[in-house]
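What follows is a short report on a single structure.
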Amino acid sequence: MKKTLALTAFLLGVALAGPANNSLVVGTSQEPPNIYDPWNTNNLAITSEINGYMGAGLTYQDDNGDTKADIATRVPTLANGDYKVVKDSKGDVIRNSVTYTIRKDAKWSDGAPIKVADFQFWLKLENDDRVPVPSRDPWDRAKITVNDTDTFTITFEPPYLFADQVSPGLAPSHIMGSAWNAFDAKTKNEKDAKVVNEEWKKFISSFTTARNLPKVVAGPFKPTAWRAGNSLTMTRNAVYWNQPKNPENYVQTVTYRFIPNTNTLKVNILSGQLDAVSAVGLTFDQGTDLARNERSKYKTYFVPGAVWEHIDINARGQRAKDLDLDDPRMRQALLYAIDRDALTKALFQGKQAVSNSWIGPVSKLYKKDVNDYNVNVARAKQLFAALGWTPGSDGVLQKGGKKLTLNFSTTAGNSTRERVQQILQAQWKAVGVQVNIQNYPASVIFGPDFLSKGESGKWDMAMYAWSNNPVFEEGNLWKSEGIPTAANGYSGQNNPGWSNAEYDKLYKQARVEFNQADRIKLFDRMQAIWNTEVPALPLYFRVNVYTKVPGLVNYTFSAITQYPSWNAANIGWASKGAVEEYKQK
């Protein structure tokens, strides 16, 4: 009875959503551990989406991939002289630079002007070894030169291929500066990486969590309330420069409801309790089910994307060695043993393409002619046998007194992932691999003590997704220096711990190769190497699903923008007079 009452209260609490009070209520299946961390140290998709409402940058990209000015007065180009390239006598690019001028009306939400110092502060911390950023590239080779009060130049040497498209971040130095100085003094001579990492978490959590909401933001909305486990509310930032012509006609408050169970999320949109569902929300099959039952109450969209669903194979630590997970043959065998084509047909009507690389078909760098690893049970058994694994009396493969038993984890409550797990568990059982399913909340899976600390042996296989950007593909996800370790504060995203010297060399060449044809050749070889060693089992590239009610405008995204919040300032209701003004800018 208590559960029924609690649900009723929840539904009543959302009943006032929508155009009646010019608010927006969005449902999502995940809750971020923190928000508006300028260095994106948790790197979650839901964090990125929510940050889109609160953040601003020098430039941004729209759904078509066109670069537009935001905090900067204009987009740097070769034509206007703000983007410059320096070549040597052979014609090779050896250095490039981008110059930005900050708008006079660019302010933090407390009214303080955004200054060059805020970009310098961000870059200083970005390149500090004590800050566990996902990757320092390309900022580890960047230098800021101050030209005047509002203008600065950022120079890349060696050059950065996308210097004219990706701008540096910013952080409120007037708010965070003193706390950073205290952290700096406390950890400057600390040799224990664990101690440093704990102090960092204290520092960043004092500005980015439910207990300590961000004090200032630069974007169109600012956080006003966060009920952990329930909801996060943001209100329009009146001092954000890029407002619609009549901001009062547009959404004034945005509330994210955290609903971990995606079936419950679907029920909430069916019953009219949500205005929209986050890009981190419905599964594909739930989206297709909603599409069959729209009846003008809402509209479901399927957006081709570059979100890569895969299974990381933990090749780190003694347990990985005992199970041969650090041997490419074991990973190949696990991939040959499963029928991914049948899986995508059964669950996604064949609309989500099976992948054989981390690069999606929407990218110009995608290589088609790599091993497709079509199901081949005989080949899988050959590889297991070559590694010394033989069937035991119970049918489970064994070697040296140990059974081939793997712990398989994903985000709890995601019904599609759980169905995928069950299908794969059965397919692996057929070849003698025993798989134990152990799922955890997203906050645990993507928290600081799970994926990145692979040597702890808490997981053998982990299924989740990466959000790729087809415009900025660098291949840096798999570089050796991206392996999280205690020495680097567990930064980096190479959770499987894969390392290949030739790949590293090619990656370094590719990140400064300005000739597209030659760059494609480098990526062809990189994908061939990766496809042979399969540090992760590629599953498929998602067709992104989102749902919204009629009349909600400018709530869109593409494979490039990735989240509807990219155009947050212009999200509104047609009945209130909201229009697509961003197209006029």
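Ordering of the structure tokens sets the chain letters (A, B, ...); residue numbers start at 1 within each chain; ligands are numbered from 1 in the order shown.
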**OP:** Output as a list in words all residues of stretch 450-501 of chain A that backbone DSSP marks as strand (DSSP E).
**Re:** Met461, Ala462, Met463, Tyr464, Ala465, Trp466 and Ser467 of chain A
**OP:** Excluding stretch 358-369 of chain A and residues on its chain fewer than 4 positions from it, collect all residues at most 10 Å away from it, counting only C-alpha atoms, and give them as JSON, numbers by chain.
**Re:** {"A": [304, 305, 306, 307, 308, 309, 310, 353, 354, 466, 468, 469, 470, 471, 472, 473, 474, 475, 477, 478, 516, 517, 519, 520, 521, 522, 523, 524, 525, 526, 527, 528, 530, 531, 536, 537, 538, 539, 540, 541, 542, 559, 560]}
May I have the selected residues written with N, CA and C atoms, as a tab-separated table (two decimals), in the first residue's frame?
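Contents of result-v3.tsv, as written:
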chain	number	residue	atom	x	y	z
A	304	PRO	N	19.78	8.04	-36.08
A	304	PRO	CA	21.04	7.32	-36.33
A	304	PRO	C	22.16	8.00	-35.54
A	305	GLY	N	22.95	7.18	-34.87
A	305	GLY	CA	23.95	7.79	-33.99
A	305	GLY	C	25.28	7.08	-34.01
A	306	ALA	N	26.12	7.51	-33.12
A	306	ALA	CA	27.47	6.95	-33.00
A	306	ALA	C	27.71	6.47	-31.58
A	307	VAL	N	26.65	5.98	-30.95
A	307	VAL	CA	26.79	5.43	-29.60
A	307	VAL	C	27.08	3.94	-29.73
A	308	TRP	N	28.23	3.54	-29.24
A	308	TRP	CA	28.76	2.20	-29.46
A	308	TRP	C	28.55	1.31	-28.24
A	309	GLU	N	27.70	0.31	-28.39
A	309	GLU	CA	27.48	-0.67	-27.32
A	309	GLU	C	28.50	-1.79	-27.47
A	310	HIS	N	29.16	-2.12	-26.38
A	310	HIS	CA	30.23	-3.11	-26.46
A	310	HIS	C	30.45	-3.75	-25.10
A	353	ALA	N	23.09	-1.63	-36.45
A	353	ALA	CA	24.13	-2.35	-37.18
A	353	ALA	C	25.13	-3.02	-36.24
A	354	VAL	N	25.42	-4.30	-36.51
A	354	VAL	CA	26.49	-5.00	-35.79
A	354	VAL	C	27.79	-4.28	-36.07
A	466	TRP	N	29.96	3.79	-25.41
A	466	TRP	CA	30.73	5.02	-25.57
A	466	TRP	C	29.98	5.93	-26.53
A	468	ASN	N	30.57	8.36	-29.27
A	468	ASN	CA	31.61	8.83	-30.18
A	468	ASN	C	31.13	10.06	-30.94
A	469	ASN	N	32.07	10.89	-31.36
A	469	ASN	CA	31.72	12.01	-32.22
A	469	ASN	C	32.37	11.76	-33.58
A	470	PRO	N	31.57	11.54	-34.63
A	470	PRO	CA	32.13	11.19	-35.93
A	470	PRO	C	33.01	12.27	-36.53
A	471	VAL	N	32.89	13.49	-36.04
A	471	VAL	CA	33.70	14.59	-36.58
A	471	VAL	C	35.10	14.60	-35.98
A	472	PHE	N	35.22	14.24	-34.70
A	472	PHE	CA	36.49	14.41	-33.99
A	472	PHE	C	37.19	13.09	-33.64
A	473	GLU	N	36.95	12.04	-34.40
A	473	GLU	CA	37.56	10.75	-34.08
A	473	GLU	C	39.08	10.83	-34.12
A	474	GLU	N	39.72	10.47	-33.00
A	474	GLU	CA	41.17	10.50	-32.92
A	474	GLU	C	41.78	9.13	-32.63
A	475	GLY	N	40.97	8.19	-32.19
A	475	GLY	CA	41.51	6.88	-31.86
A	475	GLY	C	42.18	6.84	-30.51
A	477	LEU	N	40.98	6.57	-27.59
A	477	LEU	CA	40.36	5.73	-26.58
A	477	LEU	C	41.24	4.54	-26.23
A	478	TRP	N	42.01	4.05	-27.22
A	478	TRP	CA	42.77	2.81	-27.04
A	478	TRP	C	44.26	3.02	-26.88
A	516	GLN	N	43.35	14.11	-45.43
A	516	GLN	CA	42.27	13.18	-45.11
A	516	GLN	C	42.52	11.78	-45.67
A	517	ALA	N	42.99	11.69	-46.90
A	517	ALA	CA	43.22	10.38	-47.52
A	517	ALA	C	44.28	9.59	-46.75
A	519	ARG	N	45.08	10.07	-43.65
A	519	ARG	CA	44.55	9.80	-42.31
A	519	ARG	C	43.65	8.56	-42.34
A	520	ILE	N	42.88	8.41	-43.38
A	520	ILE	CA	42.02	7.24	-43.52
A	520	ILE	C	42.86	5.97	-43.58
A	521	LYS	N	44.01	6.02	-44.26
A	521	LYS	CA	44.89	4.85	-44.34
A	521	LYS	C	45.43	4.47	-42.97
A	522	LEU	N	45.78	5.47	-42.17
A	522	LEU	CA	46.28	5.19	-40.82
A	522	LEU	C	45.19	4.53	-39.98
A	523	PHE	N	43.97	5.04	-40.10
A	523	PHE	CA	42.87	4.47	-39.32
A	523	PHE	C	42.47	3.09	-39.83
A	524	ASP	N	42.65	2.84	-41.11
A	524	ASP	CA	42.41	1.49	-41.63
A	524	ASP	C	43.30	0.49	-40.91
A	525	ARG	N	44.58	0.82	-40.78
A	525	ARG	CA	45.52	-0.08	-40.11
A	525	ARG	C	45.22	-0.17	-38.62
A	526	MET	N	44.87	0.94	-37.99
A	526	MET	CA	44.53	0.93	-36.56
A	526	MET	C	43.35	0.02	-36.28
A	527	GLN	N	42.33	0.10	-37.15
A	527	GLN	CA	41.15	-0.75	-36.96
A	527	GLN	C	41.46	-2.21	-37.21
A	528	ALA	N	42.37	-2.48	-38.17
A	528	ALA	CA	42.76	-3.86	-38.44
A	528	ALA	C	43.46	-4.47	-37.22
A	530	TRP	N	43.17	-3.44	-34.06
A	530	TRP	CA	42.19	-3.56	-32.99
A	530	TRP	C	41.27	-4.76	-33.22
A	531	ASN	N	40.86	-4.93	-34.47
A	531	ASN	CA	39.93	-6.00	-34.81
A	531	ASN	C	40.57	-7.38	-34.62
A	536	ALA	N	37.90	-5.32	-26.68
A	536	ALA	CA	36.50	-5.30	-26.27
A	536	ALA	C	35.69	-6.05	-27.32
A	537	LEU	N	34.59	-6.62	-26.91
A	537	LEU	CA	33.74	-7.31	-27.87
A	537	LEU	C	32.74	-6.31	-28.44
A	538	PRO	N	32.87	-5.97	-29.73
A	538	PRO	CA	31.95	-4.99	-30.33
A	538	PRO	C	30.57	-5.61	-30.53
A	539	LEU	N	29.53	-4.89	-30.16
A	539	LEU	CA	28.17	-5.40	-30.33
A	539	LEU	C	27.46	-4.67	-31.47
A	540	TYR	N	27.08	-3.41	-31.26
A	540	TYR	CA	26.33	-2.69	-32.29
A	540	TYR	C	26.37	-1.20	-32.00
A	541	PHE	N	26.02	-0.42	-33.02
A	541	PHE	CA	25.87	1.02	-32.87
A	541	PHE	C	24.38	1.32	-32.72
A	542	ARG	N	24.07	2.05	-31.69
A	542	ARG	CA	22.67	2.32	-31.38
A	542	ARG	C	22.01	3.26	-32.39
A	559	ALA	N	23.80	12.70	-34.44
A	559	ALA	CA	25.00	11.95	-34.06
A	559	ALA	C	26.13	12.89	-33.68
A	560	ILE	N	26.02	14.15	-34.10
A	560	ILE	CA	27.08	15.13	-33.80
A	560	ILE	C	26.80	15.83	-32.48
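Shortest atom-to-atom contact with A:Gly447 among A:Pro32, A:Pro391, A:Gly57, A:Gly482: A:Pro32, counting only C-alpha atoms.
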Subject >> Closest of A:Asn249, A:Leu58, A:Lys297, A:Phe162 to A:Asn21 - atom-to-atom distances counting only C-alpha atoms >> reply: A:Asn249
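Closest approach to A:Val543 among A:Tyr160, A:Phe348, A:Trp200, A:Tyr100 is made by A:Phe348 (distances from only C-alpha atoms).
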**OP:** Within 7 Å of A:Pro535, counting only C-alpha atoms, which residues show up once you throw out same-chain ones fewer than 3 positions away? Write them as a list in words, please.
**Re:** Asp312, Ile313, Pro496 and Trp498 of chain A
Once you have the residues from the selection above, write them out as a compact mmCIF listing (two decimals), in the first residue's frame, restricted to N, CA, C and O atoms.
# COMPACT_ATOMS: atom_id res chain seq x y z
N ASP A 312 33.57 -4.55 -22.62
CA ASP A 312 34.99 -4.49 -22.28
C ASP A 312 35.43 -5.81 -21.67
O ASP A 312 34.71 -6.39 -20.84
N ILE A 313 36.60 -6.27 -22.07
CA ILE A 313 37.19 -7.47 -21.48
C ILE A 313 38.34 -7.03 -20.59
O ILE A 313 39.30 -6.42 -21.05
N PRO A 496 39.94 -1.76 -20.44
CA PRO A 496 40.44 -3.13 -20.59
C PRO A 496 41.94 -3.25 -20.34
O PRO A 496 42.44 -4.35 -20.09
N TRP A 498 44.29 -2.50 -22.65
CA TRP A 498 44.92 -2.98 -23.88
C TRP A 498 46.07 -2.08 -24.29
O TRP A 498 45.98 -0.86 -24.22
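Take the candidates A:Gly219, A:Gly350, A:Gly55, A:Gly577 and check each one against A:Asn237 using only C-alpha atoms; the shortest distance goes to A:Gly219.
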**OP:** Find the distance between atom CA of A:Gly287 and atom CA of A:Asn263 and write it in Å to one decimal.
**Re:** 10.7 Å
Original post:
Excluding same-chain residues fewer than 3 positions from A:Pro328, what lies within 7 Å of it counting only C-alpha atoms, as a PyMOL selection string?
Top reply: chain A and resi 331-332+533-534
For A:Asp128, list every protein, DNA or RNA residue within 12 Å, evaluated using only C-alpha atoms, and leave out those in the same chain fewer than 4 positions away; present the list as a CSV table (one decimal) with N, CA and C atoms, in the first residue's frame.
chain,number,residue,atom,x,y,z
A,39,TRP,N,36.0,19.6,-15.8
A,39,TRP,CA,37.0,18.7,-16.4
A,39,TRP,C,36.4,17.3,-16.7
A,121,PHE,N,42.7,29.0,-16.0
A,121,PHE,CA,42.5,28.1,-14.8
A,121,PHE,C,42.1,26.7,-15.3
A,122,TRP,N,41.2,26.6,-16.2
A,122,TRP,CA,40.8,25.3,-16.7
A,122,TRP,C,41.9,24.6,-17.3
A,123,LEU,N,42.7,25.2,-18.1
A,123,LEU,CA,43.8,24.5,-18.8
A,123,LEU,C,44.9,24.1,-17.8
A,124,LYS,N,45.2,24.9,-16.8
A,124,LYS,CA,46.2,24.6,-15.8
A,124,LYS,C,45.8,23.3,-15.1
A,132,PRO,N,42.2,13.7,-12.4
A,132,PRO,CA,41.9,12.5,-13.1
A,132,PRO,C,41.0,12.7,-14.3
A,133,VAL,N,41.4,13.5,-15.3
A,133,VAL,CA,40.6,13.7,-16.5
A,133,VAL,C,40.7,12.5,-17.4
A,135,SER,N,41.2,12.2,-20.6
A,135,SER,CA,42.3,12.3,-21.5
A,135,SER,C,42.8,13.7,-21.5
A,136,ARG,N,44.1,13.9,-21.5
A,136,ARG,CA,44.7,15.3,-21.6
A,136,ARG,C,44.9,15.7,-23.0
A,139,TRP,N,45.1,18.9,-25.0
A,139,TRP,CA,45.4,20.1,-24.1
A,139,TRP,C,46.8,20.0,-23.5
A,140,ASP,N,47.4,18.8,-23.5
A,140,ASP,CA,48.8,18.7,-22.9
A,140,ASP,C,49.8,19.3,-23.8
A,180,TRP,N,41.2,25.4,-4.9
A,180,TRP,CA,42.3,24.7,-5.6
A,180,TRP,C,43.6,25.0,-5.0
A,184,ASP,N,46.1,22.3,-3.8
A,184,ASP,CA,47.5,22.3,-4.3
A,184,ASP,C,48.5,22.2,-3.2
A,187,THR,N,48.6,18.7,-1.4
A,187,THR,CA,49.0,17.5,-2.1
A,187,THR,C,50.2,17.7,-2.9
A,188,LYS,N,50.8,18.9,-2.9
A,188,LYS,CA,52.0,19.2,-3.7
A,188,LYS,C,53.1,18.2,-3.6
A,196,VAL,N,46.1,11.5,-2.9
A,196,VAL,CA,45.8,12.7,-3.8
A,196,VAL,C,44.5,12.5,-4.4
A,200,TRP,N,41.3,15.1,-4.3
A,200,TRP,CA,40.7,15.6,-5.4
A,200,TRP,C,39.2,15.5,-5.4
A,488,ASN,N,48.5,7.4,-12.3
A,488,ASN,CA,47.8,8.5,-13.0
A,488,ASN,C,46.5,8.9,-12.4
A,489,GLY,N,46.3,8.4,-11.1
A,489,GLY,CA,45.0,8.8,-10.5
A,489,GLY,C,43.8,8.1,-11.1
A,491,SER,N,42.9,8.0,-14.2
A,491,SER,CA,42.3,8.7,-15.3
A,491,SER,C,42.5,7.9,-16.5
**OP:** Give the alpha helix (DSSP H) residues of stretch 425-481 of chain A, as DSSP finds them on the backbone, and put them as a PyMOL selection string.
**Re:** chain A and resi 425-429+442-445
Suppose we keep all heavy atoms; can you now write the selection as a short mmCIF file (atom, residue, chain, number, x, y, z; two decimals), in the first residue's frame?
data_model
loop_
_atom_site.label_atom_id
_atom_site.label_comp_id
_atom_site.auth_asym_id
_atom_site.auth_seq_id
_atom_site.Cartn_x
_atom_site.Cartn_y
_atom_site.Cartn_z
N GLN A 425 24.73 -15.12 -22.38
CA GLN A 425 25.04 -16.12 -21.35
C GLN A 425 24.73 -17.52 -21.87
O GLN A 425 25.52 -18.46 -21.68
CB GLN A 425 24.22 -15.83 -20.09
CG GLN A 425 24.51 -16.76 -18.92
CD GLN A 425 23.57 -16.49 -17.76
OE1 GLN A 425 22.35 -16.33 -17.94
NE2 GLN A 425 24.12 -16.40 -16.56
N ALA A 426 23.58 -17.66 -22.53
CA ALA A 426 23.18 -18.96 -23.07
C ALA A 426 24.11 -19.40 -24.20
O ALA A 426 24.48 -20.57 -24.31
CB ALA A 426 21.74 -18.90 -23.56
N GLN A 427 24.51 -18.45 -25.07
CA GLN A 427 25.39 -18.78 -26.19
C GLN A 427 26.77 -19.19 -25.69
O GLN A 427 27.38 -20.12 -26.23
CB GLN A 427 25.48 -17.60 -27.16
CG GLN A 427 24.17 -17.34 -27.89
CD GLN A 427 24.25 -16.15 -28.84
OE1 GLN A 427 25.21 -15.38 -28.83
NE2 GLN A 427 23.21 -15.99 -29.67
N TRP A 428 27.28 -18.52 -24.67
CA TRP A 428 28.59 -18.90 -24.13
C TRP A 428 28.52 -20.24 -23.39
O TRP A 428 29.46 -21.02 -23.41
CB TRP A 428 29.11 -17.79 -23.21
CG TRP A 428 29.78 -16.68 -23.96
CD1 TRP A 428 30.64 -16.80 -25.01
CD2 TRP A 428 29.64 -15.28 -23.73
NE1 TRP A 428 31.05 -15.56 -25.46
CE2 TRP A 428 30.45 -14.61 -24.68
CE3 TRP A 428 28.93 -14.51 -22.81
CZ2 TRP A 428 30.56 -13.22 -24.73
CZ3 TRP A 428 29.03 -13.13 -22.86
CH2 TRP A 428 29.85 -12.49 -23.82
N LYS A 429 27.40 -20.49 -22.73
CA LYS A 429 27.23 -21.77 -22.03
C LYS A 429 27.35 -22.93 -23.02
O LYS A 429 27.90 -24.00 -22.70
CB LYS A 429 25.89 -21.81 -21.32
CG LYS A 429 25.65 -23.10 -20.53
CD LYS A 429 24.30 -23.08 -19.82
CE LYS A 429 24.08 -24.37 -19.04
NZ LYS A 429 22.76 -24.38 -18.34
N ALA A 442 24.17 2.33 -12.24
CA ALA A 442 25.10 3.07 -13.10
C ALA A 442 26.11 3.85 -12.28
O ALA A 442 27.28 4.00 -12.67
CB ALA A 442 24.32 4.01 -14.02
N SER A 443 25.67 4.36 -11.11
CA SER A 443 26.58 5.14 -10.27
C SER A 443 27.75 4.31 -9.77
O SER A 443 28.82 4.84 -9.48
CB SER A 443 25.82 5.72 -9.07
OG SER A 443 25.21 4.68 -8.31
N VAL A 444 27.55 2.99 -9.67
CA VAL A 444 28.64 2.09 -9.25
C VAL A 444 29.50 1.71 -10.45
O VAL A 444 30.72 1.81 -10.42
CB VAL A 444 28.08 0.82 -8.58
CG1 VAL A 444 29.20 -0.18 -8.29
CG2 VAL A 444 27.35 1.18 -7.29
N ILE A 445 28.84 1.27 -11.54
CA ILE A 445 29.57 0.86 -12.74
C ILE A 445 30.51 1.97 -13.21
O ILE A 445 31.67 1.71 -13.56
CB ILE A 445 28.59 0.52 -13.88
CG1 ILE A 445 27.79 -0.75 -13.54
CG2 ILE A 445 29.33 0.36 -15.21
CD1 ILE A 445 28.53 -2.04 -13.67
#
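Interatomic distance, atom CA of A:Asp164 against atom CA of A:Val75: 8.1 Å.
Among the candidates A:Leu347, A:Ile204, A:Ala386, A:Ile338, the residue lying nearest to A:Asp372 is A:Ile338 (atoms considered: only C-alpha atoms).
Of the residues listed (A:Ser205, A:Thr101, A:Asn436, A:Ser173), A:Thr101 shows the shortest atom-to-atom separation from A:Thr149; distances use only C-alpha atoms.
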